[in-house]
Structures are given as structure tokens and as C-alpha cells.
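Take a look at the structure below.
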Amino acid sequence: MKVKNGYKSGSSTHDEIGESHLWNSNATPLKDDAFDMSDETKMEKIEEHFKAIMNILGLDLRDDSLKGTPKRVAKMFVNEIFSGLNPESKPAVTLFENKYQYRQMLVEKNIRVQSTCEHHFLPIYGKAHIAYIPNGKVVGLSKLNRIVDYFSRRPQVQERLTIQIAKELKNILQTEDVAVYIDAKHMCVQARGIEHQQSSTVTAEYCGKFLNESVKMEFLNSIR
């Protein structure tokens with residue numbers, strides 16, 4: 001039995017870890033050769049395998065409505081909902097001098113989160129609210145949205161997504177004073193298993209000055 005990234009492959013332990021939303025790294029688990037294959041080849045192979053899945057389910061791929069589905073799914077996986085796996089999709093971010101000497105909290109709220117649960121490959125959707133306190137440099141507001149979108153477009157768990165966004169913001173902005181708050185719904189909870197449509201999941205990462213209770217409350221009050 002092989003052990004990789006702390007997990008025993010082929011064991012019931014691996015399934016249990018997946019269900020309980022635990023992980024052993026803030027990095028998305030990727031194989032070493034994840035980018036050796038071209039996107040075109042990936043789409044061809046996904047199309048082939050998804051066609052096999054549909055056949056196993058008993059679907060008639062000769063039907064006009066279904067025959068193009070494997071190709072559509074393959075294109076969607078590679079170019080759209082999992083495009084954040086590819087480092088080339090990472091948004092280029094330019095910092096600007098803080099000419100106005102703005103030293104207070106900057107909050108960007110209600111950023112769309114559109115991701116995919118890595119345990120069942122079902123959608124996660126909701127809102128992210130992020131804040132930082134400038135440290136000599138500022139960033140264009142739309143770039144904050146793009147950072148959230150980039151890390152969302154990959155198989156995820158919400159806890160990891162929250163930490164990845166915070167870590168990226170700290171690296172870019174060269175400051176520890178960052179906060180990330182995500183409130184999202186998971187279709188793996190709504191459409192299967194317990195099937196509870198009204199519940200949502202909240203995760204947060206507070207760093208630097210946001211660990212101070214008064215600063216944290218200022219942020220939370222601004223997003224409410």
C-alpha cells in the first residue's frame with residue numbers, strides 16, 4: 001500500500017479523510033507531471049473517459065442531445081471550471097504606490113465564489129469578502145476579484161480556498177494585515193446525502209492586525 005501526501009492510497013482511511021474535510025497541506029494536491037500533458041490532450045482523454053461513464057450509465061450517445069456532451073464536459077473541465085489548476089491562468093497583479101497615504105482598512109466584499117467540491121465534484125457557490133491594510137502599496141480592485149476566482153476554479157475544500165486566497169494576498173501586498181471571509185453553499189450537502197438546501201458554510205482567515213479583536217470586528221461589521 002502506497003503512502004502519498006500523508007494518505008494511504010486504496011484504503012478506507014482515504015475515503016474517511018475526504019468526507020470529513022481534512023487535508024494535510026494548503027497547496028492543491030497535484031501530481032508532479034500535472035502539466036506535462038497539453039490542454040488539447042487532456043480534453044481528448046477526458047472526452048473519451050466521460051463517454052465511457054455515460055455508456056456505463058446506460059445513456060444512448062446516438063441521441064442528438066447527448067452525443068456532444070463528452071466533448072462539452074471535457075472543454076468545460078479544462079478551460080472553465082478547473083482552469084485555476086493551470087499556473088498560466090494566474091492573474092498578473094501590478095502594485096501601485098499608495099499616493100494618497102491611505103492607511104486604513106480596504107474591504108472588497110460580495111466577490112463571487114464559484115468552485116467545485118473535490119470530494120464529489122459538485123458546485124460550491126457563495127461570496128467572499130476580503131480586506132487588507134496597505135503597507136506602502138495598493139492593488140487594483142478588480143485584481144482582488146480575479147485572485148478569488150483563480151483559486152476557486154479548481155477542485156477545492158472551502159477551508160483550503162480561504163487560506164490560499166489569504167496567503168496569495170499577503171505575498172502580493174507584502175503585508176500580513178489581510179482578512180478573508182467566505183460564506184458558501186455546497187451542492188454536496190444540498191443535492192445529496194443530508195440534502196439540506198438552507199445551510200451554508202462559513203470560513204475565515206485573519207492575519208496580522210486582523211487578529212486584533214477591534215480590527216476584526218470593524219471588518220465583520222463592514223461586510224454585514
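FYI, nothing fancy with the C-alpha cells labels: chains A, B, ... in order, residues from 1 per chain, ligands from 1 as they appear.
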Just want the 9 Å neighbourhood of segment 153-170 of chain A, counted on only C-alpha atoms, with same-chain residues fewer than 5 positions away dropped. Output as number ranges by chain.
A: 21-23, 25-28, 80-85, 113-119, 121, 124, 128, 130, 132, 144, 147-148, 175-182, 184, 201-207
Go ahead and write the residues just picked, N, CA and C atoms, as a tab-separated table (two decimals), in the first residue's frame.
```
chain	number	residue	atom	x	y	z
A	21	HIS	N	-13.49	16.49	5.46
A	21	HIS	CA	-12.93	17.78	5.07
A	21	HIS	C	-11.60	18.08	5.76
A	22	LEU	N	-10.76	17.06	5.92
A	22	LEU	CA	-9.42	17.26	6.44
A	22	LEU	C	-8.43	17.22	5.29
A	23	TRP	N	-7.32	17.92	5.48
A	23	TRP	CA	-6.27	17.87	4.47
A	23	TRP	C	-4.95	18.13	5.17
A	25	SER	N	-2.23	19.86	3.66
A	25	SER	CA	-1.43	20.89	3.02
A	25	SER	C	-2.33	22.02	2.55
A	26	ASN	N	-1.79	23.24	2.53
A	26	ASN	CA	-2.54	24.37	1.99
A	26	ASN	C	-2.45	24.44	0.48
A	27	ALA	N	-1.60	23.61	-0.11
A	27	ALA	CA	-1.46	23.57	-1.57
A	27	ALA	C	-2.44	22.56	-2.15
A	28	THR	N	-2.97	22.88	-3.33
A	28	THR	CA	-3.83	21.94	-4.03
A	28	THR	C	-3.03	20.69	-4.38
A	80	GLU	N	-12.64	25.98	-18.23
A	80	GLU	CA	-13.51	26.81	-17.41
A	80	GLU	C	-13.42	26.48	-15.92
A	81	ILE	N	-14.18	25.49	-15.46
A	81	ILE	CA	-14.33	25.34	-14.01
A	81	ILE	C	-13.07	24.86	-13.30
A	82	PHE	N	-12.11	24.25	-14.02
A	82	PHE	CA	-10.85	23.84	-13.40
A	82	PHE	C	-9.65	24.57	-13.99
A	83	SER	N	-9.90	25.73	-14.60
A	83	SER	CA	-8.81	26.48	-15.22
A	83	SER	C	-7.82	27.00	-14.19
A	84	GLY	N	-8.24	27.11	-12.93
A	84	GLY	CA	-7.35	27.59	-11.88
A	84	GLY	C	-6.27	26.61	-11.49
A	85	LEU	N	-6.32	25.39	-12.03
A	85	LEU	CA	-5.24	24.43	-11.79
A	85	LEU	C	-3.98	24.81	-12.57
A	113	VAL	N	-17.92	33.57	-5.45
A	113	VAL	CA	-17.16	32.33	-5.34
A	113	VAL	C	-17.89	31.26	-6.13
A	114	GLN	N	-17.22	30.69	-7.10
A	114	GLN	CA	-17.79	29.63	-7.93
A	114	GLN	C	-16.73	28.54	-8.04
A	115	SER	N	-16.88	27.50	-7.22
A	115	SER	CA	-15.86	26.48	-7.13
A	115	SER	C	-16.50	25.10	-7.23
A	116	THR	N	-15.68	24.06	-6.96
A	116	THR	CA	-16.13	22.68	-7.08
A	116	THR	C	-15.60	21.87	-5.91
A	117	CYS	N	-16.50	21.17	-5.23
A	117	CYS	CA	-16.10	20.31	-4.12
A	117	CYS	C	-15.24	19.16	-4.65
A	118	GLU	N	-14.06	18.98	-4.08
A	118	GLU	CA	-13.17	17.94	-4.61
A	118	GLU	C	-13.56	16.54	-4.15
A	119	HIS	N	-14.52	16.44	-3.24
A	119	HIS	CA	-14.95	15.13	-2.75
A	119	HIS	C	-16.03	14.50	-3.62
A	121	PHE	N	-17.18	16.45	-6.66
A	121	PHE	CA	-17.20	17.20	-7.93
A	121	PHE	C	-18.56	17.85	-8.17
A	124	ILE	N	-19.68	24.49	-5.53
A	124	ILE	CA	-19.68	25.33	-4.33
A	124	ILE	C	-19.92	26.75	-4.83
A	128	ALA	N	-17.24	35.84	-1.21
A	128	ALA	CA	-16.03	36.07	-0.44
A	128	ALA	C	-15.93	37.56	-0.12
A	130	ILE	N	-12.98	40.21	1.35
A	130	ILE	CA	-11.56	40.28	1.69
A	130	ILE	C	-11.19	41.71	2.07
A	132	TYR	N	-7.61	44.30	3.41
A	132	TYR	CA	-6.20	44.44	3.76
A	132	TYR	C	-5.94	45.87	4.21
A	144	LEU	N	-8.33	41.85	-6.98
A	144	LEU	CA	-8.75	41.10	-5.80
A	144	LEU	C	-9.81	40.07	-6.19
A	147	ILE	N	-8.14	37.18	-8.10
A	147	ILE	CA	-7.41	36.24	-7.24
A	147	ILE	C	-8.37	35.23	-6.64
A	148	VAL	N	-9.51	35.71	-6.16
A	148	VAL	CA	-10.53	34.80	-5.62
A	148	VAL	C	-10.98	33.83	-6.69
A	175	THR	N	2.27	42.37	3.00
A	175	THR	CA	1.79	42.71	4.33
A	175	THR	C	1.11	41.49	4.94
A	176	GLU	N	1.17	41.41	6.27
A	176	GLU	CA	0.46	40.35	6.98
A	176	GLU	C	-0.98	40.75	7.28
A	177	ASP	N	-1.31	42.02	7.07
A	177	ASP	CA	-2.60	42.56	7.51
A	177	ASP	C	-3.69	42.27	6.48
A	178	VAL	N	-4.14	41.02	6.48
A	178	VAL	CA	-5.10	40.54	5.48
A	178	VAL	C	-6.19	39.73	6.18
A	179	ALA	N	-7.41	39.83	5.66
A	179	ALA	CA	-8.52	39.02	6.17
A	179	ALA	C	-9.33	38.47	5.00
A	180	VAL	N	-9.76	37.23	5.12
A	180	VAL	CA	-10.60	36.58	4.10
A	180	VAL	C	-11.76	35.88	4.81
A	181	TYR	N	-12.97	36.12	4.31
A	181	TYR	CA	-14.18	35.53	4.91
A	181	TYR	C	-15.04	35.00	3.76
A	182	ILE	N	-15.38	33.73	3.81
A	182	ILE	CA	-16.17	33.11	2.74
A	182	ILE	C	-17.43	32.48	3.34
A	184	ALA	N	-20.46	30.16	1.83
A	184	ALA	CA	-20.80	29.44	0.59
A	184	ALA	C	-21.71	28.26	0.85
A	201	THR	N	-21.77	27.27	4.63
A	201	THR	CA	-20.52	27.07	5.35
A	201	THR	C	-19.75	28.38	5.39
A	202	VAL	N	-19.27	28.76	6.56
A	202	VAL	CA	-18.50	29.99	6.74
A	202	VAL	C	-17.09	29.63	7.17
A	203	THR	N	-16.10	30.19	6.47
A	203	THR	CA	-14.70	30.03	6.85
A	203	THR	C	-14.04	31.41	6.85
A	204	ALA	N	-13.02	31.57	7.67
A	204	ALA	CA	-12.34	32.87	7.75
A	204	ALA	C	-10.87	32.66	8.07
A	205	GLU	N	-10.06	33.58	7.57
A	205	GLU	CA	-8.63	33.59	7.88
A	205	GLU	C	-8.26	35.03	8.23
A	206	TYR	N	-7.79	35.23	9.46
A	206	TYR	CA	-7.40	36.55	9.93
A	206	TYR	C	-5.89	36.57	10.18
A	207	CYS	N	-5.22	37.57	9.66
A	207	CYS	CA	-3.77	37.64	9.77
A	207	CYS	C	-3.36	39.04	10.22
```
Where in segment 38-188 of chain A does DSSP assign alpha helix (DSSP H), given as a VMD selection string?
chain A and resid 39 to 56 69 to 76 141 to 152 158 to 173 187 to 188
Could you check which of A:Gly140, A:Arg72, A:Gly193, A:Asp63 is closest to Glu48 of chain A, using only C-alpha atoms?
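Closest to Glu48 of chain A, using only C-alpha atoms: A:Arg72.
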Tell me, as a PDB file with C-alpha atoms, in the first residue's frame, which residues lie within 9 Å of Ile46 of chain A, counting only C-alpha atoms; anything in the same chain fewer than 2 positions away does not count.
```pdb
ATOM      1  CA  THR A  41      -4.654  16.107 -24.993  1.00  0.00           C
ATOM      2  CA  LYS A  42      -6.341  16.442 -21.608  1.00  0.00           C
ATOM      3  CA  MET A  43      -9.623  17.322 -23.290  1.00  0.00           C
ATOM      4  CA  GLU A  44      -9.350  14.378 -25.679  1.00  0.00           C
ATOM      5  CA  GLU A  48     -13.062   9.561 -24.010  1.00  0.00           C
ATOM      6  CA  HIS A  49     -13.452   8.685 -20.329  1.00  0.00           C
ATOM      7  CA  PHE A  50     -16.642  10.690 -19.847  1.00  0.00           C
ATOM      8  CA  LYS A  51     -18.133   8.949 -22.865  1.00  0.00           C
ATOM      9  CA  PRO A  70     -18.489  14.298 -23.543  1.00  0.00           C
ATOM     10  CA  LYS A  71     -16.723  16.965 -25.609  1.00  0.00           C
ATOM     11  CA  VAL A  73     -17.741  18.382 -20.414  1.00  0.00           C
ATOM     12  CA  ALA A  74     -14.069  17.993 -21.343  1.00  0.00           C
ATOM     13  CA  LYS A  75     -13.858  21.559 -22.610  1.00  0.00           C
ATOM     14  CA  PHE A  77     -13.344  21.000 -17.140  1.00  0.00           C
TER      15      PHE A  77
END
```
DSSP strand (DSSP E or B) residues within segment 35-207 of chain A, as an MDAnalysis selection string:
chainID A and resid 95:97 106:117 123:132 137:139 155:156 178:186 201:206
Calculate how many Å separate atom CA of Met37 of chain A from atom CA of Pro91 of chain A, rounding to one decimal.
21.7 Å
Might you pull out every residue within 10 Å of Gln101 of chain A, with only C-alpha atoms counted and same-chain residues fewer than 6 positions away left off, and present them as a VMD selection string?
chain A and resid 134 to 138
Nearby residues (only C-alpha atoms) at most 10 Å from Val189 of chain A, same-chain spacing under 4 positions excluded, as an MDAnalysis selection string
chainID A and resid 122 124 185 193:200
Grab the residues selected above and save them as a short mmCIF file (atom, residue, chain, number, x, y, z; two decimals), in the first residue's frame with C-alpha atoms.
```cif
data_model
loop_
_atom_site.label_atom_id
_atom_site.label_comp_id
_atom_site.auth_asym_id
_atom_site.auth_seq_id
_atom_site.Cartn_x
_atom_site.Cartn_y
_atom_site.Cartn_z
CA LEU A 122 -20.34 19.20 -7.21
CA ILE A 124 -19.68 25.33 -4.33
CA LYS A 185 -23.30 26.73 -0.17
CA GLY A 193 -26.50 12.98 1.46
CA ILE A 194 -28.40 15.05 4.02
CA GLU A 195 -29.97 17.22 1.26
CA HIS A 196 -30.25 20.38 3.35
CA GLN A 197 -30.77 23.32 0.99
CA GLN A 198 -30.67 26.15 3.53
CA SER A 199 -27.35 25.52 5.25
CA SER A 200 -24.16 27.34 4.31
#
```
By how many Å are atom CA of Phe151 of chain A and atom CA of Gly68 of chain A apart?
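About the pair atom CA of Phe151 of chain A and atom CA of Gly68 of chain A: they are 28.7 Å apart.
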